[in-house]
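What follows is the content of run05.txt, which has compact mmCIF, C-alpha atoms:
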# COMPACT_ATOMS: atom_id res chain seq x y z
CA MET A 1 -29.43 -18.61 0.58
CA THR A 2 -32.30 -16.38 -0.50
CA PHE A 3 -30.35 -13.32 0.44
CA CYS A 4 -27.32 -14.43 -1.50
CA SER A 5 -29.23 -14.76 -4.70
CA SER A 6 -30.85 -11.35 -4.42
CA PHE A 7 -27.47 -9.82 -3.87
CA MET A 8 -26.15 -11.35 -7.02
CA ASP A 9 -29.17 -10.17 -9.01
CA GLY A 10 -28.42 -6.62 -8.13
CA ASP A 11 -31.55 -6.08 -6.10
CA SER A 12 -32.20 -2.38 -5.89
CA SER A 13 -33.99 -2.37 -2.59
CA THR A 14 -32.48 -0.13 0.02
CA THR A 15 -31.93 -2.93 2.43
CA ASP A 16 -29.17 -4.11 0.15
CA THR A 17 -26.13 -3.42 2.23
CA THR A 18 -23.80 -3.06 -0.72
CA GLN A 19 -25.71 0.02 -1.81
CA LEU A 20 -25.79 1.44 1.65
CA GLY A 21 -22.08 0.96 1.67
CA ILE A 22 -21.91 -0.86 4.98
CA THR A 23 -21.00 -4.39 5.74
CA GLY A 24 -23.60 -6.91 6.76
CA GLU A 25 -22.26 -6.96 10.29
CA TYR A 26 -23.78 -3.61 11.02
CA MET A 27 -27.28 -4.70 10.11
CA THR A 28 -29.00 -7.74 11.52
CA GLY A 29 -27.21 -9.93 13.94
CA GLY A 30 -24.70 -11.64 11.73
CA THR A 31 -26.93 -13.83 9.61
CA TYR A 32 -24.85 -12.89 6.62
CA VAL A 33 -21.57 -11.25 6.03
CA LEU A 34 -20.69 -9.14 3.03
CA GLN A 35 -17.07 -8.29 3.01
CA THR A 36 -14.85 -7.06 0.27
CA GLN A 37 -11.83 -7.80 2.37
CA ASP A 38 -11.14 -9.90 5.39
CA ASP A 39 -10.04 -7.14 7.71
CA ASP A 40 -13.06 -4.86 7.69
CA GLY A 41 -13.14 -4.77 11.45
CA ASP A 42 -9.58 -3.60 11.54
CA GLU A 43 -10.08 -1.23 8.66
CA SER A 44 -12.58 0.87 10.53
CA PHE A 45 -10.18 1.23 13.41
CA ASN A 46 -7.24 2.07 11.31
CA ASP A 47 -8.79 4.74 9.23
CA HIS A 48 -11.39 6.45 11.29
CA GLU A 49 -11.05 6.04 14.97
CA ASP A 50 -8.64 7.26 17.52
CA GLY A 51 -6.81 4.76 19.71
CA ASN A 52 -9.72 4.90 22.12
CA GLY A 53 -11.02 1.52 20.99
CA SER A 54 -10.57 -1.11 23.61
CA LYS A 55 -8.25 -3.95 22.83
CA ASP A 56 -11.23 -6.23 22.38
CA TYR A 57 -11.80 -4.83 18.93
CA PHE A 58 -8.40 -5.29 17.41
CA ARG A 59 -5.33 -7.44 17.73
CA GLU A 60 -2.20 -5.62 18.75
CA GLN A 61 -0.40 -6.56 15.59
CA ASP A 62 -3.08 -4.86 13.51
CA ILE A 63 -2.49 -1.32 14.68
CA TYR A 64 -1.76 0.83 11.68
CA LEU A 65 -1.23 4.46 10.90
CA PRO A 66 -4.10 6.08 9.01
CA ILE A 67 -4.00 5.18 5.36
CA ALA A 68 -4.77 8.72 4.22
CA ASN A 69 -1.65 10.09 5.86
CA VAL A 70 0.50 7.27 4.58
CA ALA A 71 -0.87 7.63 1.06
CA ARG A 72 -0.21 11.33 1.07
CA ILE A 73 3.42 10.88 2.02
CA MET A 74 3.82 8.26 -0.69
CA LYS A 75 2.24 10.51 -3.28
CA ASN A 76 4.55 13.37 -2.42
CA ALA A 77 7.57 11.10 -2.69
CA ILE A 78 7.00 9.77 -6.19
CA PRO A 79 6.97 11.86 -9.37
CA GLN A 80 3.83 13.93 -9.84
CA THR A 81 2.55 11.89 -12.74
CA GLY A 82 2.77 8.64 -10.77
CA LYS A 83 -0.16 6.76 -9.33
CA ILE A 84 -0.42 4.32 -6.47
CA ALA A 85 -2.47 1.13 -6.45
CA LYS A 86 -4.83 0.71 -3.53
CA ASP A 87 -3.25 -2.51 -2.38
CA ALA A 88 0.14 -0.82 -2.45
CA LYS A 89 -1.11 1.83 -0.02
CA GLU A 90 -2.49 -0.80 2.32
CA CYS A 91 0.69 -2.74 2.06
CA VAL A 92 2.87 0.24 2.97
CA GLN A 93 0.56 0.86 5.90
CA GLU A 94 1.46 -2.59 7.20
CA CYS A 95 5.14 -2.13 6.40
CA VAL A 96 5.14 1.03 8.44
CA SER A 97 3.84 -0.71 11.53
CA GLU A 98 6.46 -3.36 11.00
CA PHE A 99 9.15 -0.70 10.71
CA ILE A 100 8.08 1.00 13.93
CA SER A 101 7.98 -2.29 15.82
CA PHE A 102 11.34 -3.25 14.36
CA MET A 103 12.99 -0.02 15.53
CA THR A 104 11.28 -0.08 18.88
CA SER A 105 12.27 -3.58 19.83
CA GLU A 106 15.90 -2.90 18.90
CA ALA A 107 15.91 0.33 20.89
CA SER A 108 14.16 -1.37 23.78
CA GLU A 109 16.79 -4.09 23.88
CA ARG A 110 19.58 -1.58 24.13
CA CYS A 111 17.69 0.19 26.87
CA HIS A 112 17.41 -2.99 28.90
CA GLN A 113 21.06 -3.79 28.39
CA GLU A 114 21.90 -0.46 29.95
CA LYS A 115 19.41 -1.02 32.76
CA ARG A 116 17.25 1.92 31.79
CA LYS A 117 13.48 1.96 31.65
CA THR A 118 12.82 4.82 29.30
CA ILE A 119 13.59 4.68 25.61
CA ASN A 120 15.22 7.93 24.63
CA GLY A 121 16.23 9.57 21.35
CA GLU A 122 19.71 8.08 21.39
CA ASP A 123 18.30 4.57 21.57
CA ILE A 124 16.18 5.19 18.52
CA LEU A 125 19.05 6.66 16.51
CA PHE A 126 21.26 3.78 17.51
CA ALA A 127 18.61 1.30 16.43
CA MET A 128 18.33 3.02 13.02
CA SER A 129 22.03 2.77 12.53
CA THR A 130 22.20 -0.85 13.56
CA LEU A 131 19.32 -1.91 11.34
CA GLY A 132 20.61 -0.36 8.15
CA PHE A 133 18.89 3.00 8.24
CA ASP A 134 21.94 5.06 9.09
CA MET A 135 21.15 7.33 6.15
CA TYR A 136 18.25 8.68 8.21
CA VAL A 137 20.34 9.52 11.27
CA GLU A 138 21.84 12.86 10.24
CA PRO A 139 18.61 14.36 8.89
CA LEU A 140 16.80 13.11 11.97
CA LYS A 141 19.28 14.82 14.26
CA LEU A 142 18.60 18.07 12.48
CA TYR A 143 14.84 17.59 12.71
CA LEU A 144 15.18 16.83 16.39
CA GLN A 145 17.16 19.99 16.98
CA LYS A 146 14.50 22.08 15.27
CA PHE A 147 11.79 20.27 17.16
CA ARG A 148 13.45 21.01 20.48
CA GLU A 149 13.91 24.65 19.60
CA ALA A 150 10.29 24.91 18.58
CA MET A 151 9.19 23.29 21.81
CA LYS A 152 11.27 25.67 23.89
CA GLY A 153 9.65 28.59 22.22
CA GLU A 154 6.26 27.49 23.42
CA LYS A 155 6.44 27.68 27.16
CA GLY A 156 3.32 26.79 28.96
CA ILE A 157 2.07 24.48 26.29
CA THR A 158 2.69 20.82 26.97
CA PRO A 159 4.80 19.40 24.15
CA VAL A 160 2.57 16.37 23.98
CA THR A 161 -0.53 18.43 23.33
CA VAL A 162 1.09 20.55 20.67
CA SER A 163 2.67 17.77 18.74
CA GLU A 164 -0.40 15.62 18.86
CA GLY A 165 -2.54 18.44 17.64
CA LEU A 166 -0.53 18.45 14.44
CA GLY A 167 -0.46 15.76 11.93
CA GLU A 168 -3.61 14.10 13.02
CA GLU A 169 -5.53 11.94 10.63
CA LEU A 170 -7.01 13.69 7.67
CA THR A 171 -10.52 12.67 8.63
CA ASP A 172 -11.76 14.73 11.51
CA GLU A 173 -12.06 12.53 14.56
CA SER A 174 -14.45 14.81 16.35
CA PHE A 175 -17.42 13.88 14.21
CA THR A 176 -20.49 13.21 16.25
CA GLY A 177 -21.98 9.77 15.93
CA GLN A 178 -23.48 10.41 12.52
CA LEU A 179 -20.77 8.57 10.71
CA PRO A 180 -20.22 5.04 11.82
CA ALA A 181 -16.81 3.96 10.70
CA GLY A 182 -18.09 1.28 8.39
CA LEU A 183 -19.85 3.79 6.18
CA ILE A 184 -16.74 4.99 4.54
CA THR A 185 -15.86 2.33 2.05
CA ALA A 186 -14.46 2.33 -1.42
CA ASP A 187 -17.98 2.25 -2.80
CA GLY A 188 -19.49 4.86 -0.58
CA GLN A 189 -19.12 7.97 -2.67
CA GLN A 190 -22.12 9.54 -1.05
CA GLN A 191 -20.62 9.01 2.32
CA ASN A 192 -17.45 10.77 1.31
CA VAL A 193 -19.43 13.85 0.50
CA MET A 194 -20.95 13.73 3.95
CA VAL A 195 -17.49 13.71 5.44
CA TYR A 196 -16.46 16.96 3.85
CA THR A 197 -19.70 18.72 4.57
CA THR A 198 -19.59 17.88 8.22
CA SER A 199 -16.00 18.97 8.59
CA TYR A 200 -16.80 22.43 7.30
CA GLN A 201 -19.37 22.81 10.01
CA GLN A 202 -16.66 22.25 12.54
CA ILE A 203 -15.03 25.56 11.74
CA PRO A 204 -16.41 28.07 14.26
CA GLY A 205 -18.19 31.05 12.84
CA VAL A 206 -18.33 29.78 9.32
CA GLN A 207 -21.81 28.92 8.19
CA GLN A 208 -21.08 28.30 4.57
CA ILE A 209 -18.02 28.01 2.45
CA GLN A 210 -18.07 30.66 -0.26
CA PHE A 211 -16.45 29.62 -3.47
CA SER A 212 -16.79 32.95 -5.23
CA MET B 1 22.71 31.43 9.83
CA SER B 2 21.78 33.58 12.84
CA GLU B 3 20.29 36.47 10.88
CA LYS B 4 16.74 35.43 10.17
CA THR B 5 13.56 37.36 9.79
CA MET B 6 10.73 36.68 12.18
CA GLU B 7 8.75 35.07 9.39
CA GLU B 8 11.51 32.69 8.56
CA LYS B 9 11.82 31.66 12.17
CA VAL B 10 8.13 31.01 12.48
CA GLU B 11 8.07 29.03 9.26
CA GLN B 12 10.99 26.95 10.31
CA ALA B 13 9.46 26.24 13.70
CA THR B 14 6.17 25.20 12.14
CA ASN B 15 7.86 22.92 9.65
CA SER B 16 10.09 21.41 12.25
CA LYS B 17 7.22 20.42 14.51
CA ASN B 18 5.18 19.39 11.58
CA VAL B 19 4.83 15.67 11.37
CA SER B 20 2.29 14.30 8.95
CA LEU B 21 1.60 11.23 11.03
CA PRO B 22 -0.30 11.11 14.32
CA MET B 23 2.21 10.67 17.12
CA SER B 24 -0.43 9.18 19.39
CA ARG B 25 -0.89 6.29 16.99
CA VAL B 26 2.86 5.85 16.62
CA ARG B 27 3.13 5.60 20.39
CA LEU B 28 0.41 2.96 20.41
CA ILE B 29 2.33 0.84 17.94
CA MET B 30 5.56 1.27 19.88
CA LYS B 31 3.86 0.24 23.09
CA SER B 32 2.58 -2.94 21.51
CA SER B 33 6.17 -4.20 21.44
CA PRO B 34 6.94 -6.50 24.34
CA ASP B 35 8.83 -5.08 27.33
CA VAL B 36 8.41 -1.47 26.34
CA SER B 37 7.59 0.67 29.34
CA CYS B 38 8.35 4.35 28.79
CA ILE B 39 9.07 6.29 25.66
CA ASN B 40 10.43 9.78 25.97
CA GLN B 41 9.23 12.66 23.80
CA ASP B 42 12.37 12.82 21.68
CA ALA B 43 12.18 9.12 20.94
CA LEU B 44 8.55 9.43 19.88
CA PHE B 45 9.27 12.37 17.62
CA LEU B 46 12.28 10.66 16.05
CA THR B 47 10.34 7.49 15.40
CA THR B 48 7.49 9.41 13.80
CA LYS B 49 9.81 11.44 11.62
CA ALA B 50 11.83 8.37 10.70
CA THR B 51 8.63 6.64 9.69
CA GLU B 52 7.88 9.46 7.28
CA LEU B 53 11.34 9.14 5.78
CA PHE B 54 10.82 5.41 5.54
CA VAL B 55 7.54 5.77 3.65
CA GLN B 56 9.16 8.17 1.20
CA HIS B 57 12.16 5.92 0.82
CA LEU B 58 10.15 2.75 0.29
CA ALA B 59 7.68 4.37 -2.09
CA LEU B 60 10.32 6.00 -4.24
CA SER B 61 12.66 2.99 -4.35
CA SER B 62 9.85 0.64 -5.29
CA TYR B 63 8.48 3.00 -7.89
CA LYS B 64 11.84 3.48 -9.55
CA ASN B 65 12.66 -0.21 -9.68
CA GLY B 66 9.22 -1.21 -10.70
CA SER B 67 7.23 -1.47 -13.86
CA GLY B 68 6.27 2.15 -13.45
CA LYS B 69 7.78 3.02 -16.78
CA GLU B 70 4.78 1.70 -18.65
CA THR B 71 1.98 1.83 -16.16
CA ASN B 72 3.13 4.83 -14.12
CA THR B 73 1.61 3.09 -11.13
CA LEU B 74 3.22 1.85 -7.98
CA SER B 75 1.85 -1.63 -7.40
CA TYR B 76 2.00 -4.23 -4.65
CA SER B 77 4.45 -6.33 -6.63
CA ASP B 78 6.84 -3.36 -6.93
CA LEU B 79 6.94 -3.28 -3.15
CA ALA B 80 7.38 -7.03 -2.84
CA ASN B 81 10.27 -6.87 -5.29
CA ALA B 82 11.91 -4.01 -3.44
CA ALA B 83 11.71 -6.02 -0.22
CA GLU B 84 13.50 -8.92 -1.82
CA GLU B 85 16.13 -7.01 -3.70
CA THR B 86 17.07 -4.20 -1.33
CA GLU B 87 18.97 -5.18 1.77
CA THR B 88 17.52 -2.38 3.84
CA PHE B 89 13.97 -3.59 3.20
CA GLN B 90 14.57 -7.25 3.74
CA PHE B 91 12.89 -7.20 7.14
CA LEU B 92 9.66 -6.77 5.18
CA THR B 93 9.83 -10.01 3.22
CA ASP B 94 7.63 -11.87 5.69
CA ILE B 95 4.79 -9.42 5.41
CA LEU B 96 5.12 -8.87 1.69
CA PRO B 97 4.59 -12.30 0.24
CA LYS B 98 4.15 -12.56 -3.47
CA LYS B 99 0.51 -12.98 -4.22
CA ILE B 100 -1.05 -16.12 -5.61
CA LEU B 101 -4.26 -16.55 -7.50
CA ALA B 102 -7.29 -17.55 -5.47
CA ARG B 103 -7.84 -20.67 -7.50
CA ASP B 104 -4.30 -21.86 -6.84
CA TYR B 105 -4.81 -21.30 -3.12
CA LEU B 106 -8.10 -23.19 -3.16
CA LYS B 107 -6.41 -26.02 -4.97
CA SER B 108 -3.71 -26.30 -2.35
CA LEU B 109 -6.35 -26.18 0.38
CA GLU B 110 -8.12 -29.11 -1.21
CA GLU B 111 -4.91 -31.03 -1.42
CA MET B 112 -4.21 -30.36 2.22
CA LYS B 113 -7.68 -31.58 3.10
CA LYS B 114 -7.10 -34.78 1.18
CA ASP B 115 -3.92 -35.35 3.11
CA ASP B 116 -5.78 -34.86 6.37
CA ASP B 117 -8.54 -37.25 5.33
CA SER B 118 -6.12 -39.96 4.42
CA LEU B 119 -4.48 -39.87 7.86

How does the structure come out when it is put into structure tokens?
Amino acid sequence: MTFCSSFMDGDSSTTDTTQLGITGEYMTGGTYVLQTQDDDGDESFNDHEDGNGSKDYFREQDIYLPIANVARIMKNAIPQTGKIAKDAKECVQECVSEFISFMTSEASERCHQEKRKTINGEDILFAMSTLGFDMYVEPLKLYLQKFREAMKGEKGITPVTVSEGLGEELTDESFTGQLPAGLITADGQQQNVMVYTTSYQQIPGVQQIQFS
Amino acid sequence: MSEKTMEEKVEQATNSKNVSLPMSRVRLIMKSSPDVSCINQDALFLTTKATELFVQHLALSSYKNGSGKETNTLSYSDLANAAEETETFQFLTDILPKKILARDYLKSLEEMKKDDDSL
């Protein structure tokens, strides 16, 4: 109870976790919990970590695509002057996972019906069509064609490696342990600066970024 | 169509491979569906690309139909409305419930508790 009251008084001591920008769970062993939203545990996985986390840390239905990538696509889709509310971004993040699961289970069903074990491109396109997304099918076929051509042109490089090297999350996953996931919160402006600084250091041979 | 400069070919190839979403994460989500064993590379690419199209589609539809005229902002309720009104997005209605105020929720919790106590 003592802690709660000091929090509400805006105590300026540095042990105040709200100022440090991390949730209570990262400090002492769970005597208090400060959370701005219920899914903080999931949030850190979704935004900052690769799928290396063991399944103990998240429920399967909470796997999302990184919010930064999703938000960027949304931003590019709407008129330039438009803005997007934070809860709308989070919501689309969830919708996306739902969409993927929706397509996959439909494609998987067709696969089983035809006694095959591997879901292929045709299954996915068929699922799109069946579920009301047939407007995507033609553009997707074109994209697939280009993708295949591009893959052919890169002999000796495993397609998986190449494609996964692109389009990774905007935050660099190869940070060393200096940035625990929980540090990056809506309040943690300082922490955001740390993110950018560290990522510059990742570029080989570049000591400093010159803005001249 | 066949006469292209080297630069154009390179640009096209880069754009065509270019997906803005991490395919590894997409695969993870796909694998979390029951009874899914193997996913071939084409299927993974198509799903990832389709997801991008879906995000664009959902964002733009919701924005256009929404109150964006005044606020210029895409909000949660714009999305919830799009899910209800557009047939294509109706699979989202379960995960896009309309929001209620906390005090209303707490009230209904209390009422539920009273019901339990009286049993």

Worksheet entry | Coordinates-based distance that separates CA of Met103 (chain A) from CA of Lys141 (chain A) (Å, one decimal) | 16.2 Å

Discussion item. With only C-alpha atoms as the counted atoms, please give the residues lying no more than 8 Å from Ala127 (chain A), apart from itself and same-chain residues fewer than 6 positions off, as a PyMOL selection string.
Written reply: chain A and resi 103-104+106-107

Worksheet entry | Two-atom distance - CA of Ala150 (chain A), CA of Lys117 (chain A) (Å) | 26.6 Å

Sort by chain and increasing residue number a table of all residues of chain B within 8 Å of chain A, each with its closest pair of atoms and their distance in Å to one decimal, counting only C-alpha atoms, and write it as a tab-separated table.
residue	atom	partner	partner_atom	distance
B:Gln12	CA	A:Lys146	CA	7.8
B:Ala13	CA	A:Ala150	CA	5.1
B:Thr14	CA	A:Ala150	CA	7.7
B:Ser16	CA	A:Phe147	CA	5.3
B:Lys17	CA	A:Phe147	CA	5.3
B:Asn18	CA	A:Leu166	CA	6.5
B:Val19	CA	A:Gly167	CA	5.3
B:Ser20	CA	A:Gly167	CA	4.3
B:Leu21	CA	A:Gly167	CA	5.1
B:Pro22	CA	A:Glu168	CA	4.6
B:Met23	CA	A:Glu164	CA	5.9
B:Ser24	CA	A:Glu164	CA	6.5
B:Arg25	CA	A:Leu65	CA	6.4
B:Val26	CA	A:Leu65	CA	7.2
B:Leu28	CA	A:Gly51	CA	7.5
B:Ile29	CA	A:Ile63	CA	6.2
B:Met30	CA	A:Ser101	CA	5.9
B:Ser32	CA	A:Glu60	CA	6.1
B:Ser33	CA	A:Ser101	CA	6.2
B:Pro34	CA	A:Ser105	CA	7.6
B:Asp35	CA	A:Ser108	CA	7.4
B:Val36	CA	A:Ser108	CA	6.3
B:Ser37	CA	A:Lys117	CA	6.5
B:Cys38	CA	A:Thr118	CA	4.5
B:Ile39	CA	A:Ile119	CA	4.8
B:Asn40	CA	A:Asn120	CA	5.3
B:Gln41	CA	A:Val160	CA	7.6
B:Asp42	CA	A:Gly121	CA	5.1
B:Ala43	CA	A:Gly121	CA	4.1
B:Leu44	CA	A:Gly121	CA	7.8
B:Phe45	CA	A:Leu144	CA	7.5
B:Leu46	CA	A:Leu140	CA	6.6
B:Thr47	CA	A:Ile124	CA	7.0
B:Lys49	CA	A:Leu140	CA	7.2
B:Ala50	CA	A:Tyr136	CA	6.9
B:Thr51	CA	A:Val96	CA	6.7
B:Glu52	CA	A:Ile73	CA	7.0
B:Leu53	CA	A:Tyr136	CA	7.3
B:Phe54	CA	A:Val96	CA	7.7
B:Val55	CA	A:Met74	CA	6.2
B:Gln56	CA	A:Ala77	CA	5.1
B:His57	CA	A:Ala77	CA	7.8
B:Ala59	CA	A:Met74	CA	5.7
B:Leu60	CA	A:Ile78	CA	5.4
B:Tyr63	CA	A:Ile78	CA	7.1
B:Gly68	CA	A:Gly82	CA	7.8
B:Asn72	CA	A:Gly82	CA	5.1
B:Thr73	CA	A:Lys83	CA	4.5
B:Leu74	CA	A:Ile84	CA	4.7
B:Ser75	CA	A:Ala85	CA	5.2
B:Tyr76	CA	A:Ala88	CA	4.5
B:Leu79	CA	A:Ala88	CA	7.3
B:Thr88	CA	A:Gly132	CA	5.7
B:Leu92	CA	A:Cys95	CA	6.6
B:Ile95	CA	A:Cys95	CA	7.4
B:Leu96	CA	A:Cys91	CA	7.6

Practice prompt. Can you work out the spacing between CA of Phe91 (chain B) and CA of Leu58 (chain B) in Å, to one decimal?
Written response: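 About the pair CA of Phe91 (chain B) and CA of Leu58 (chain B): they are 12.4 Å apart.
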